[in-house]
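Chemist: For reference, the file work.pdb (PDB, C-alpha atoms and all ligand atoms) is included below:
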```pdb
ATOM      1  CA  MET A   1      -9.561  -7.941  18.983  1.00  0.00           C
ATOM      2  CA  SER A   2      -8.415 -10.626  21.348  1.00  0.00           C
ATOM      3  CA  THR A   3      -9.037 -14.318  21.107  1.00  0.00           C
ATOM      4  CA  SER A   4      -8.729 -16.725  23.995  1.00  0.00           C
ATOM      5  CA  ASP A   5      -9.310 -20.460  24.347  1.00  0.00           C
ATOM      6  CA  ASN A   6     -12.395 -19.803  26.481  1.00  0.00           C
ATOM      7  CA  ASN A   7     -13.835 -17.234  24.144  1.00  0.00           C
ATOM      8  CA  PRO A   8     -12.656 -17.984  20.608  1.00  0.00           C
ATOM      9  CA  SER A   9     -13.332 -15.464  17.863  1.00  0.00           C
ATOM     10  CA  ILE A  10     -16.016 -16.608  15.419  1.00  0.00           C
ATOM     11  CA  ILE A  11     -13.730 -15.356  12.617  1.00  0.00           C
ATOM     12  CA  PRO A  12     -10.917 -17.886  12.415  1.00  0.00           C
ATOM     13  CA  PRO A  13      -7.346 -16.572  12.178  1.00  0.00           C
ATOM     14  CA  ILE A  14      -5.827 -16.654   8.698  1.00  0.00           C
ATOM     15  CA  ALA A  15      -3.416 -19.560   8.555  1.00  0.00           C
ATOM     16  CA  GLU A  16      -1.328 -18.763   5.493  1.00  0.00           C
ATOM     17  CA  LYS A  17       0.663 -15.707   4.547  1.00  0.00           C
ATOM     18  CA  PHE A  18      -0.822 -13.442   1.891  1.00  0.00           C
ATOM     19  CA  ARG A  19       1.049 -13.269  -1.411  1.00  0.00           C
ATOM     20  CA  GLY A  20       1.963  -9.637  -1.850  1.00  0.00           C
ATOM     21  CA  VAL A  21       2.915  -7.290  -4.663  1.00  0.00           C
ATOM     22  CA  MET A  22       4.314  -4.078  -3.196  1.00  0.00           C
ATOM     23  CA  LEU A  23       3.801  -0.687  -4.836  1.00  0.00           C
ATOM     24  CA  PHE A  24       6.363   2.026  -4.088  1.00  0.00           C
ATOM     25  CA  GLY A  25       6.697   5.615  -5.260  1.00  0.00           C
ATOM     26  CA  PRO A  26       6.692   9.151  -3.933  1.00  0.00           C
ATOM     27  CA  PRO A  27       3.392  10.959  -3.331  1.00  0.00           C
ATOM     28  CA  GLY A  28       1.951  11.893  -6.728  1.00  0.00           C
ATOM     29  CA  ALA A  29       3.818   9.197  -8.688  1.00  0.00           C
ATOM     30  CA  GLY A  30       0.557   7.388  -9.522  1.00  0.00           C
ATOM     31  CA  LYS A  31       0.474   4.451  -7.086  1.00  0.00           C
ATOM     32  CA  GLY A  32      -3.309   4.753  -6.739  1.00  0.00           C
ATOM     33  CA  THR A  33      -3.881   4.762 -10.512  1.00  0.00           C
ATOM     34  CA  VAL A  34      -1.613   1.775 -11.159  1.00  0.00           C
ATOM     35  CA  GLY A  35      -3.123  -0.031  -8.156  1.00  0.00           C
ATOM     36  CA  ARG A  36      -6.699   0.498  -9.290  1.00  0.00           C
ATOM     37  CA  VAL A  37      -5.997  -0.620 -12.870  1.00  0.00           C
ATOM     38  CA  LEU A  38      -4.009  -3.722 -11.867  1.00  0.00           C
ATOM     39  CA  SER A  39      -6.788  -4.811  -9.535  1.00  0.00           C
ATOM     40  CA  ILE A  40      -9.511  -4.618 -12.222  1.00  0.00           C
ATOM     41  CA  ALA A  41      -8.560  -7.976 -13.753  1.00  0.00           C
ATOM     42  CA  GLY A  42      -9.388  -9.726 -10.482  1.00  0.00           C
ATOM     43  CA  SER A  43      -6.144 -11.488  -9.569  1.00  0.00           C
ATOM     44  CA  MET A  44      -5.167  -8.746  -7.112  1.00  0.00           C
ATOM     45  CA  VAL A  45      -6.864  -6.784  -4.403  1.00  0.00           C
ATOM     46  CA  HIS A  46      -5.583  -3.212  -4.127  1.00  0.00           C
ATOM     47  CA  VAL A  47      -5.132  -2.078  -0.525  1.00  0.00           C
ATOM     48  CA  SER A  48      -3.887   1.483   0.074  1.00  0.00           C
ATOM     49  CA  SER A  49      -2.738   2.277   3.600  1.00  0.00           C
ATOM     50  CA  GLY A  50      -3.546   5.972   3.053  1.00  0.00           C
ATOM     51  CA  ASP A  51      -7.120   5.045   1.999  1.00  0.00           C
ATOM     52  CA  ILE A  52      -7.473   2.861   5.107  1.00  0.00           C
ATOM     53  CA  PHE A  53      -6.416   5.743   7.361  1.00  0.00           C
ATOM     54  CA  ARG A  54      -8.730   8.186   5.579  1.00  0.00           C
ATOM     55  CA  SER A  55     -11.650   5.740   6.030  1.00  0.00           C
ATOM     56  CA  LEU A  56     -11.298   5.754   9.831  1.00  0.00           C
ATOM     57  CA  SER A  57     -13.882   7.821  11.655  1.00  0.00           C
ATOM     58  CA  PRO A  58     -12.208  11.028  12.899  1.00  0.00           C
ATOM     59  CA  ALA A  59     -14.133  10.491  16.161  1.00  0.00           C
ATOM     60  CA  SER A  60     -12.586   7.045  16.790  1.00  0.00           C
ATOM     61  CA  PRO A  61      -9.388   6.677  18.838  1.00  0.00           C
ATOM     62  CA  ALA A  62      -7.517   5.251  15.810  1.00  0.00           C
ATOM     63  CA  GLY A  63      -8.843   8.035  13.545  1.00  0.00           C
ATOM     64  CA  ARG A  64      -7.859  10.772  16.015  1.00  0.00           C
ATOM     65  CA  LEU A  65      -4.389   9.330  16.521  1.00  0.00           C
ATOM     66  CA  THR A  66      -3.569   8.792  12.844  1.00  0.00           C
ATOM     67  CA  GLN A  67      -4.887  12.221  11.753  1.00  0.00           C
ATOM     68  CA  GLN A  68      -2.338  13.939  14.011  1.00  0.00           C
ATOM     69  CA  TYR A  69       0.436  12.499  11.836  1.00  0.00           C
ATOM     70  CA  ILE A  70      -1.283  12.685   8.442  1.00  0.00           C
ATOM     71  CA  GLN A  71      -2.060  16.414   8.832  1.00  0.00           C
ATOM     72  CA  LYS A  72       1.663  17.111   9.279  1.00  0.00           C
ATOM     73  CA  GLY A  73       2.799  14.822   6.468  1.00  0.00           C
ATOM     74  CA  GLU A  74       4.534  12.550   8.968  1.00  0.00           C
ATOM     75  CA  LEU A  75       4.357   8.775   9.101  1.00  0.00           C
ATOM     76  CA  VAL A  76       1.906   7.118  11.445  1.00  0.00           C
ATOM     77  CA  PRO A  77       3.910   5.005  13.963  1.00  0.00           C
ATOM     78  CA  ASP A  78       4.868   1.582  12.622  1.00  0.00           C
ATOM     79  CA  GLU A  79       3.047  -0.610  15.156  1.00  0.00           C
ATOM     80  CA  VAL A  80      -0.208   1.367  14.780  1.00  0.00           C
ATOM     81  CA  THR A  81       0.052   1.216  10.985  1.00  0.00           C
ATOM     82  CA  ILE A  82       0.482  -2.558  10.912  1.00  0.00           C
ATOM     83  CA  GLU A  83      -2.265  -3.132  13.482  1.00  0.00           C
ATOM     84  CA  VAL A  84      -4.824  -1.010  11.600  1.00  0.00           C
ATOM     85  CA  TRP A  85      -3.814  -2.544   8.240  1.00  0.00           C
ATOM     86  CA  HIS A  86      -4.079  -6.110   9.587  1.00  0.00           C
ATOM     87  CA  TYR A  87      -7.483  -5.487  11.133  1.00  0.00           C
ATOM     88  CA  TYR A  88      -8.717  -3.993   7.844  1.00  0.00           C
ATOM     89  CA  VAL A  89      -7.374  -6.840   5.683  1.00  0.00           C
ATOM     90  CA  ASN A  90      -8.852  -9.476   7.986  1.00  0.00           C
ATOM     91  CA  GLY A  91     -12.171  -7.685   7.444  1.00  0.00           C
ATOM     92  CA  LEU A  92     -11.750  -7.964   3.657  1.00  0.00           C
ATOM     93  CA  VAL A  93     -11.158 -11.704   3.987  1.00  0.00           C
ATOM     94  CA  ALA A  94     -14.044 -12.199   6.414  1.00  0.00           C
ATOM     95  CA  THR A  95     -16.459 -10.362   4.096  1.00  0.00           C
ATOM     96  CA  ASN A  96     -15.382 -12.190   0.906  1.00  0.00           C
ATOM     97  CA  ARG A  97     -13.687  -9.177  -0.679  1.00  0.00           C
ATOM     98  CA  PHE A  98     -10.236 -10.735  -0.649  1.00  0.00           C
ATOM     99  CA  PHE A  99      -9.551 -14.416  -1.338  1.00  0.00           C
ATOM    100  CA  PRO A 100      -5.937 -14.972  -0.242  1.00  0.00           C
ATOM    101  CA  ASP A 101      -5.801 -18.478  -1.726  1.00  0.00           C
ATOM    102  CA  LYS A 102      -6.646 -17.084  -5.181  1.00  0.00           C
ATOM    103  CA  GLN A 103      -5.496 -13.476  -5.194  1.00  0.00           C
ATOM    104  CA  PHE A 104      -2.465 -11.306  -4.516  1.00  0.00           C
ATOM    105  CA  ILE A 105      -2.675  -8.393  -2.150  1.00  0.00           C
ATOM    106  CA  LEU A 106      -1.417  -5.278  -3.940  1.00  0.00           C
ATOM    107  CA  MET A 107       0.113  -3.227  -1.136  1.00  0.00           C
ATOM    108  CA  ASP A 108      -0.013   0.504  -1.943  1.00  0.00           C
ATOM    109  CA  GLY A 109       1.921   2.672   0.519  1.00  0.00           C
ATOM    110  CA  LEU A 110       2.991  -0.019   2.948  1.00  0.00           C
ATOM    111  CA  PRO A 111       5.734  -0.747   4.000  1.00  0.00           C
ATOM    112  CA  ARG A 112       7.101   2.793   4.253  1.00  0.00           C
ATOM    113  CA  THR A 113       9.890   2.078   6.738  1.00  0.00           C
ATOM    114  CA  VAL A 114      12.381  -0.748   7.151  1.00  0.00           C
ATOM    115  CA  GLU A 115      10.658  -1.626  10.448  1.00  0.00           C
ATOM    116  CA  GLN A 116       7.297  -1.948   8.674  1.00  0.00           C
ATOM    117  CA  ALA A 117       8.922  -4.207   6.066  1.00  0.00           C
ATOM    118  CA  ARG A 118      10.159  -6.400   8.917  1.00  0.00           C
ATOM    119  CA  LEU A 119       6.794  -6.421  10.746  1.00  0.00           C
ATOM    120  CA  ILE A 120       4.829  -7.216   7.600  1.00  0.00           C
ATOM    121  CA  GLU A 121       6.894 -10.341   6.872  1.00  0.00           C
ATOM    122  CA  ARG A 122       4.790 -12.184   9.412  1.00  0.00           C
ATOM    123  CA  TYR A 123       1.727 -11.712   7.235  1.00  0.00           C
ATOM    124  CA  VAL A 124       2.926 -11.219   3.667  1.00  0.00           C
ATOM    125  CA  ASP A 125       5.163 -13.230   1.388  1.00  0.00           C
ATOM    126  CA  VAL A 126       6.534 -10.601  -1.002  1.00  0.00           C
ATOM    127  CA  GLN A 127       6.373 -11.841  -4.612  1.00  0.00           C
ATOM    128  CA  HIS A 128       7.270  -8.600  -6.375  1.00  0.00           C
ATOM    129  CA  ALA A 129       7.906  -4.885  -5.811  1.00  0.00           C
ATOM    130  CA  ILE A 130       6.830  -2.271  -8.361  1.00  0.00           C
ATOM    131  CA  VAL A 131       8.646   1.056  -8.032  1.00  0.00           C
ATOM    132  CA  LEU A 132       7.263   4.195  -9.694  1.00  0.00           C
ATOM    133  CA  ASP A 133      10.312   6.384 -10.012  1.00  0.00           C
ATOM    134  CA  MET A 134       9.974  10.147 -10.499  1.00  0.00           C
ATOM    135  CA  GLU A 135      12.875  12.532 -10.869  1.00  0.00           C
ATOM    136  CA  ASP A 136      10.822  15.659 -11.512  1.00  0.00           C
ATOM    137  CA  THR A 137       9.764  17.008  -8.091  1.00  0.00           C
ATOM    138  CA  GLY A 138       8.107  20.050  -9.705  1.00  0.00           C
ATOM    139  CA  GLU A 139       5.784  17.734 -11.670  1.00  0.00           C
ATOM    140  CA  LEU A 140       4.985  15.767  -8.478  1.00  0.00           C
ATOM    141  CA  ILE A 141       3.922  18.949  -6.716  1.00  0.00           C
ATOM    142  CA  THR A 142       1.805  20.045  -9.706  1.00  0.00           C
ATOM    143  CA  ARG A 143       0.034  16.661  -9.722  1.00  0.00           C
ATOM    144  CA  LEU A 144      -0.609  16.752  -5.972  1.00  0.00           C
ATOM    145  CA  LYS A 145      -2.064  20.248  -6.111  1.00  0.00           C
ATOM    146  CA  ARG A 146      -4.366  19.168  -8.942  1.00  0.00           C
ATOM    147  CA  ARG A 147      -5.412  16.176  -6.831  1.00  0.00           C
ATOM    148  CA  ALA A 148      -6.083  18.491  -3.876  1.00  0.00           C
ATOM    149  CA  LEU A 149      -8.706  20.293  -5.995  1.00  0.00           C
ATOM    150  CA  ILE A 150     -10.301  17.045  -7.223  1.00  0.00           C
ATOM    151  CA  GLU A 151     -10.186  14.858  -4.101  1.00  0.00           C
ATOM    152  CA  GLY A 152     -10.161  17.566  -1.444  1.00  0.00           C
ATOM    153  CA  ARG A 153      -7.334  15.948   0.524  1.00  0.00           C
ATOM    154  CA  ALA A 154      -6.109  18.444   3.113  1.00  0.00           C
ATOM    155  CA  ASP A 155      -2.610  16.897   3.118  1.00  0.00           C
ATOM    156  CA  ASP A 156      -2.262  17.708  -0.623  1.00  0.00           C
ATOM    157  CA  ALA A 157      -3.170  21.382  -0.260  1.00  0.00           C
ATOM    158  CA  LYS A 158      -0.371  22.780   1.932  1.00  0.00           C
ATOM    159  CA  ASP A 159       3.101  23.288   0.502  1.00  0.00           C
ATOM    160  CA  GLU A 160       4.956  22.447   3.718  1.00  0.00           C
ATOM    161  CA  VAL A 161       2.983  19.200   4.165  1.00  0.00           C
ATOM    162  CA  LEU A 162       3.693  18.182   0.559  1.00  0.00           C
ATOM    163  CA  GLN A 163       7.382  18.900   0.973  1.00  0.00           C
ATOM    164  CA  LYS A 164       7.470  16.915   4.233  1.00  0.00           C
ATOM    165  CA  ARG A 165       5.883  13.893   2.521  1.00  0.00           C
ATOM    166  CA  LEU A 166       8.385  14.051  -0.344  1.00  0.00           C
ATOM    167  CA  ASP A 167      11.261  14.279   2.183  1.00  0.00           C
ATOM    168  CA  VAL A 168       9.900  11.332   4.184  1.00  0.00           C
ATOM    169  CA  TYR A 169       9.799   9.261   0.993  1.00  0.00           C
ATOM    170  CA  GLN A 170      13.416  10.070   0.108  1.00  0.00           C
ATOM    171  CA  THR A 171      14.819   9.618   3.623  1.00  0.00           C
ATOM    172  CA  GLN A 172      12.791   6.647   4.902  1.00  0.00           C
ATOM    173  CA  THR A 173      10.761   4.829   2.258  1.00  0.00           C
ATOM    174  CA  ALA A 174      13.329   4.660  -0.553  1.00  0.00           C
ATOM    175  CA  GLN A 175      15.610   2.669   1.807  1.00  0.00           C
ATOM    176  CA  VAL A 176      12.984  -0.060   2.165  1.00  0.00           C
ATOM    177  CA  LEU A 177      13.739  -1.233  -1.375  1.00  0.00           C
ATOM    178  CA  SER A 178      17.135  -2.552  -0.353  1.00  0.00           C
ATOM    179  CA  HIS A 179      15.244  -4.912   1.973  1.00  0.00           C
ATOM    180  CA  TYR A 180      14.093  -6.932  -1.075  1.00  0.00           C
ATOM    181  CA  PRO A 181      16.177  -9.060  -3.456  1.00  0.00           C
ATOM    182  CA  ALA A 182      16.974  -7.081  -6.624  1.00  0.00           C
ATOM    183  CA  GLU A 183      15.324  -9.699  -8.858  1.00  0.00           C
ATOM    184  CA  LEU A 184      11.955  -9.016  -7.187  1.00  0.00           C
ATOM    185  CA  VAL A 185      12.124  -5.262  -7.839  1.00  0.00           C
ATOM    186  CA  SER A 186      10.941  -3.651 -11.114  1.00  0.00           C
ATOM    187  CA  THR A 187      11.424   0.097 -11.508  1.00  0.00           C
ATOM    188  CA  PHE A 188       9.353   2.186 -13.946  1.00  0.00           C
ATOM    189  CA  ASN A 189       9.721   5.745 -15.177  1.00  0.00           C
ATOM    190  CA  ALA A 190       6.681   7.529 -13.732  1.00  0.00           C
ATOM    191  CA  ASP A 191       7.609  10.931 -15.198  1.00  0.00           C
ATOM    192  CA  GLN A 192       5.616   9.717 -18.237  1.00  0.00           C
ATOM    193  CA  PRO A 193       1.842  10.165 -18.706  1.00  0.00           C
ATOM    194  CA  PRO A 194      -0.223   7.633 -16.690  1.00  0.00           C
ATOM    195  CA  LEU A 195      -1.191   5.438 -19.662  1.00  0.00           C
ATOM    196  CA  HIS A 196       2.464   5.044 -20.653  1.00  0.00           C
ATOM    197  CA  VAL A 197       3.376   4.036 -17.110  1.00  0.00           C
ATOM    198  CA  LEU A 198       0.562   1.485 -17.138  1.00  0.00           C
ATOM    199  CA  ARG A 199       1.688   0.179 -20.546  1.00  0.00           C
ATOM    200  CA  ASP A 200       5.233  -0.378 -19.208  1.00  0.00           C
ATOM    201  CA  VAL A 201       4.039  -2.082 -16.022  1.00  0.00           C
ATOM    202  CA  LEU A 202       1.712  -4.435 -17.926  1.00  0.00           C
ATOM    203  CA  ALA A 203       4.279  -5.190 -20.652  1.00  0.00           C
ATOM    204  CA  LYS A 204       6.863  -6.197 -18.072  1.00  0.00           C
ATOM    205  CA  LEU A 205       4.756  -7.855 -15.386  1.00  0.00           C
ATOM    206  CA  ALA A 206       1.544  -9.238 -16.914  1.00  0.00           C
ATOM    207  CA  ASP A 207       3.096 -12.692 -17.456  1.00  0.00           C
ATOM    208  CA  THR A 208       4.886 -12.818 -14.110  1.00  0.00           C
ATOM    209  CA  LEU A 209       1.854 -11.815 -12.122  1.00  0.00           C
ATOM    210  CA  THR A 210      -0.463 -14.123 -14.060  1.00  0.00           C
ATOM    211  CA  SER A 211       1.766 -17.180 -13.848  1.00  0.00           C
ATOM    212  CA  GLN A 212       2.078 -16.751 -10.094  1.00  0.00           C
ATOM    213  CA  THR A 213      -1.664 -16.806  -9.543  1.00  0.00           C
ATOM    214  CA  ARG A 214      -2.675 -20.071  -7.884  1.00  0.00           C
ATOM    215  CA  PRO A 215      -5.295 -22.236  -9.570  1.00  0.00           C
ATOM    216  CA  LEU A 216      -8.763 -21.762  -8.189  1.00  0.00           C
ATOM    217  CA  ALA A 217      -9.317 -23.984  -5.176  1.00  0.00           C
ATOM    218  CA  PRO A 218     -12.292 -26.339  -5.467  1.00  0.00           C
ATOM    219  CA  GLN A 219     -15.349 -24.913  -3.742  1.00  0.00           C
ATOM    220  CA  SER A 220     -16.549 -26.984  -0.797  1.00  0.00           C
TER     221      SER A 220
HETATM  222  P1  LIG B 301       0.762   9.652  -0.722  1.00  0.00           P
HETATM  223  O1  LIG B 301       1.570   8.466  -1.116  1.00  0.00           O
HETATM  224  O2  LIG B 301       0.123  10.358  -1.839  1.00  0.00           O
HETATM  225  O3  LIG B 301       1.518  10.574   0.208  1.00  0.00           O
HETATM  226  P2  LIG B 301      -1.021   8.042   0.986  1.00  0.00           P
HETATM  227  O4  LIG B 301      -2.491   8.104   0.782  1.00  0.00           O
HETATM  228  O5  LIG B 301      -0.317   6.786   0.664  1.00  0.00           O
HETATM  229  O6  LIG B 301      -0.472   9.280   0.163  1.00  0.00           O
HETATM  230  O7  LIG B 301      -0.672   8.413   2.514  1.00  0.00           O
HETATM  231  C1  LIG B 301      -1.194   9.573   3.130  1.00  0.00           C
HETATM  232  C2  LIG B 301      -0.626   9.679   4.538  1.00  0.00           C
HETATM  233  O8  LIG B 301      -1.048   8.555   5.320  1.00  0.00           O
HETATM  234  C3  LIG B 301       0.892   9.671   4.643  1.00  0.00           C
HETATM  235  O9  LIG B 301       1.454  10.957   4.445  1.00  0.00           O
HETATM  236  C4  LIG B 301       1.082   9.187   6.082  1.00  0.00           C
HETATM  237  O10 LIG B 301       0.831  10.215   7.012  1.00  0.00           O
HETATM  238  C5  LIG B 301      -0.024   8.151   6.215  1.00  0.00           C
HETATM  239  N1  LIG B 301       0.446   6.806   5.824  1.00  0.00           N
HETATM  240  C6  LIG B 301       0.053   6.090   4.745  1.00  0.00           C
HETATM  241  N2  LIG B 301       0.675   4.894   4.707  1.00  0.00           N
HETATM  242  C7  LIG B 301       1.498   4.863   5.774  1.00  0.00           C
HETATM  243  C8  LIG B 301       2.424   3.912   6.280  1.00  0.00           C
HETATM  244  N3  LIG B 301       2.652   2.741   5.660  1.00  0.00           N
HETATM  245  N4  LIG B 301       3.100   4.225   7.409  1.00  0.00           N
HETATM  246  C9  LIG B 301       2.884   5.363   8.063  1.00  0.00           C
HETATM  247  N5  LIG B 301       2.044   6.324   7.637  1.00  0.00           N
HETATM  248  C10 LIG B 301       1.343   6.084   6.500  1.00  0.00           C
END
```
Any chance you could give the structure as structure tokens?
Modeler:
Amino acid sequence: MSTSDNNPSIIPPIAEKFRGVMLFGPPGAGKGTVGRVLSIAGSMVHVSSGDIFRSLSPASPAGRLTQQYIQKGELVPDEVTIEVWHYYVNGLVATNRFFPDKQFILMDGLPRTVEQARLIERYVDVQHAIVLDMEDTGELITRLKRRALIEGRADDAKDEVLQKRLDVYQTQTAQVLSHYPAELVSTFNADQPPLHVLRDVLAKLADTLTSQTRPLAPQS
């Protein structure tokens, strides 16, 4: 959407940066589960870039373009990813589903490249990064195949697409972590059952993430 002085948008631009908690981990590590649980308490809004892409109509130009990459297990180009994400998040703010002055944005699956980390800095002030670390690739593949049966995701069903996504994580996304100061990064063993991963994340970060929540702004 474009905004000009003659024809201003009726949705005002967002002045401040969002406060972000970033969620990293290979496909199948449990980012979605951790994201959903952390968002239940209300101080965070969970935004998954994969879910955003899957919600696009396959008939729309953005849906057609992004599906070409997703079907192969490749990354959607950086500029397109950030543009679609930003448009979506602005929609959450405009429809009162995300209150940036009161809530964190829990970023699941973005940034996935160093370039995305750089581009996102314009919009997000990174407060913490949660890394779900998994050594056992065999277990990742088992989980993804189980998910393929439950969620029907085509990109979980084919072995070569799964392998490509795991390779992309190792070669491109894992490097993004060095972009952030070590004291902002917490790594968790995600080879454990989901409830144990959640227990570890909450035990380590509940205080940090609560104390960083801003007081509620007075309603006008
Ligand atoms: P998973 O982490 O299980 O692989 P996601 O739902 O996060 O699944 O992503 C599914 C697909 O969507 C990715 O394989 C990729 O094609 C695309 N995608 C998601 N996030 C990004 C991103 N930040 N940059 C580029 N492509 C992305």
Chemist: For Ile141 (chain A), list every protein, DNA or RNA residue within 10 Å, evaluated using all atoms listed in the file, and leave out those in the same chain fewer than 4 positions away; present the list as a compact mmCIF listing (two decimals) with C-alpha atoms, in the frame of the given file.
Modeler:
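Generated file (part35.txt):
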```txt
# COMPACT_ATOMS: atom_id res chain seq x y z
CA PRO A 27 3.39 10.96 -3.33
CA GLY A 28 1.95 11.89 -6.73
CA ALA A 29 3.82 9.20 -8.69
CA ASP A 136 10.82 15.66 -11.51
CA THR A 137 9.76 17.01 -8.09
CA LYS A 145 -2.06 20.25 -6.11
CA ARG A 146 -4.37 19.17 -8.94
CA ARG A 147 -5.41 16.18 -6.83
CA ASP A 156 -2.26 17.71 -0.62
CA ALA A 157 -3.17 21.38 -0.26
CA ASP A 159 3.10 23.29 0.50
CA LEU A 162 3.69 18.18 0.56
CA GLN A 163 7.38 18.90 0.97
CA LEU A 166 8.38 14.05 -0.34
```
Chemist: Could you list, as an mmCIF file with C-alpha atoms, in the coordinates of the input, all protein and nucleic acid residues with an atom at most 9 Å from ligand LIG 301 (chain B), counting only C-alpha atoms and all ligand atoms?
Modeler:
```
data_model
loop_
_atom_site.group_PDB
_atom_site.id
_atom_site.type_symbol
_atom_site.label_atom_id
_atom_site.label_comp_id
_atom_site.auth_asym_id
_atom_site.auth_seq_id
_atom_site.Cartn_x
_atom_site.Cartn_y
_atom_site.Cartn_z
ATOM 1 C CA PHE A 24 6.363 2.026 -4.088
ATOM 2 C CA GLY A 25 6.697 5.615 -5.260
ATOM 3 C CA PRO A 26 6.692 9.151 -3.933
ATOM 4 C CA PRO A 27 3.392 10.959 -3.331
ATOM 5 C CA GLY A 28 1.951 11.893 -6.728
ATOM 6 C CA ALA A 29 3.818 9.197 -8.688
ATOM 7 C CA GLY A 30 0.557 7.388 -9.522
ATOM 8 C CA LYS A 31 0.474 4.451 -7.086
ATOM 9 C CA GLY A 32 -3.309 4.753 -6.739
ATOM 10 C CA SER A 48 -3.887 1.483 0.074
ATOM 11 C CA SER A 49 -2.738 2.277 3.600
ATOM 12 C CA GLY A 50 -3.546 5.972 3.053
ATOM 13 C CA ASP A 51 -7.120 5.045 1.999
ATOM 14 C CA ILE A 52 -7.473 2.861 5.107
ATOM 15 C CA PHE A 53 -6.416 5.743 7.361
ATOM 16 C CA ARG A 54 -8.730 8.186 5.579
ATOM 17 C CA THR A 66 -3.569 8.792 12.844
ATOM 18 C CA GLN A 67 -4.887 12.221 11.753
ATOM 19 C CA GLN A 68 -2.338 13.939 14.011
ATOM 20 C CA TYR A 69 0.436 12.499 11.836
ATOM 21 C CA ILE A 70 -1.283 12.685 8.442
ATOM 22 C CA GLN A 71 -2.060 16.414 8.832
ATOM 23 C CA LYS A 72 1.663 17.111 9.279
ATOM 24 C CA GLY A 73 2.799 14.822 6.468
ATOM 25 C CA GLU A 74 4.534 12.550 8.968
ATOM 26 C CA LEU A 75 4.357 8.775 9.101
ATOM 27 C CA VAL A 76 1.906 7.118 11.445
ATOM 28 C CA PRO A 77 3.910 5.005 13.963
ATOM 29 C CA ASP A 78 4.868 1.582 12.622
ATOM 30 C CA VAL A 80 -0.208 1.367 14.780
ATOM 31 C CA THR A 81 0.052 1.216 10.985
ATOM 32 C CA ILE A 82 0.482 -2.558 10.912
ATOM 33 C CA TRP A 85 -3.814 -2.544 8.240
ATOM 34 C CA ASP A 108 -0.013 0.504 -1.943
ATOM 35 C CA GLY A 109 1.921 2.672 0.519
ATOM 36 C CA LEU A 110 2.991 -0.019 2.948
ATOM 37 C CA PRO A 111 5.734 -0.747 4.000
ATOM 38 C CA ARG A 112 7.101 2.793 4.253
ATOM 39 C CA THR A 113 9.890 2.078 6.738
ATOM 40 C CA GLN A 116 7.297 -1.948 8.674
ATOM 41 C CA LEU A 144 -0.609 16.752 -5.972
ATOM 42 C CA ASP A 155 -2.610 16.897 3.118
ATOM 43 C CA ASP A 156 -2.262 17.708 -0.623
ATOM 44 C CA VAL A 161 2.983 19.200 4.165
ATOM 45 C CA LEU A 162 3.693 18.182 0.559
ATOM 46 C CA LYS A 164 7.470 16.915 4.233
ATOM 47 C CA ARG A 165 5.883 13.893 2.521
ATOM 48 C CA LEU A 166 8.385 14.051 -0.344
ATOM 49 C CA VAL A 168 9.900 11.332 4.184
ATOM 50 C CA TYR A 169 9.799 9.261 0.993
#
```
Chemist: Suppose you want the space between CA of Asp133 (chain A) and CA of Leu209 (chain A); what is it in Å?
Modeler: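 Atom-to-atom, CA of Asp133 (chain A) and CA of Leu209 (chain A) are spaced 20.2 Å apart.
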Chemist: Between A:Leu149, A:Ala117, A:Leu92, A:Leu38, single out the one closest to Val197 (chain A), counting only C-alpha atoms.
Modeler: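 Of the candidates, the smallest distance to Val197 (chain A) is held by A:Leu38.
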Chemist: Which residues are close to Tyr123 (chain A), i.e. within 9 Å by only C-alpha atoms, leaving aside same-chain residues fewer than 3 positions away? Reply as a list of chain:residue names.
Modeler: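 So, after excluding close chain neighbours, the residues are A:Glu16, A:Lys17, A:Phe18, A:Arg19, A:His86, A:Leu119, A:Ile120.
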Chemist: Produce a file of the selected residues containing C-alpha atoms, as an mmCIF file, in the frame of the given file.
Modeler:
```cif
data_model
loop_
_atom_site.group_PDB
_atom_site.id
_atom_site.type_symbol
_atom_site.label_atom_id
_atom_site.label_comp_id
_atom_site.auth_asym_id
_atom_site.auth_seq_id
_atom_site.Cartn_x
_atom_site.Cartn_y
_atom_site.Cartn_z
ATOM 1 C CA GLU A 16 -1.328 -18.763 5.493
ATOM 2 C CA LYS A 17 0.663 -15.707 4.547
ATOM 3 C CA PHE A 18 -0.822 -13.442 1.891
ATOM 4 C CA ARG A 19 1.049 -13.269 -1.411
ATOM 5 C CA HIS A 86 -4.079 -6.110 9.587
ATOM 6 C CA LEU A 119 6.794 -6.421 10.746
ATOM 7 C CA ILE A 120 4.829 -7.216 7.600
#
```
Chemist: Output the residue selection produced by the PyMOL selection byres (((chain A and resi 130) around 8) and not hetatm) on the file above, formatted as a compact mmCIF listing (two decimals) with C-alpha atoms, in the frame of the given file.
Modeler:
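Saved the output as part01.txt:
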```txt
# COMPACT_ATOMS: atom_id res chain seq x y z
CA VAL A 21 2.92 -7.29 -4.66
CA MET A 22 4.31 -4.08 -3.20
CA LEU A 23 3.80 -0.69 -4.84
CA PHE A 24 6.36 2.03 -4.09
CA HIS A 128 7.27 -8.60 -6.38
CA ALA A 129 7.91 -4.88 -5.81
CA VAL A 131 8.65 1.06 -8.03
CA LEU A 132 7.26 4.20 -9.69
CA VAL A 185 12.12 -5.26 -7.84
CA SER A 186 10.94 -3.65 -11.11
CA THR A 187 11.42 0.10 -11.51
CA PHE A 188 9.35 2.19 -13.95
```
Chemist: Could you tell me which of A:Ser39, A:Gln192, A:Ser55, A:Thr208 comes closest to Glu139 (chain A) if we count only C-alpha atoms?
Modeler: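 Result for the nearest residue to Glu139 (chain A): A:Gln192.
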Chemist: For a test of reading the model, state the distance in Å between CA of Phe104 (chain A) and CA of His196 (chain A), rounded to one decimal.
Modeler: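 About the pair CA of Phe104 (chain A) and CA of His196 (chain A): they are 23.5 Å apart.
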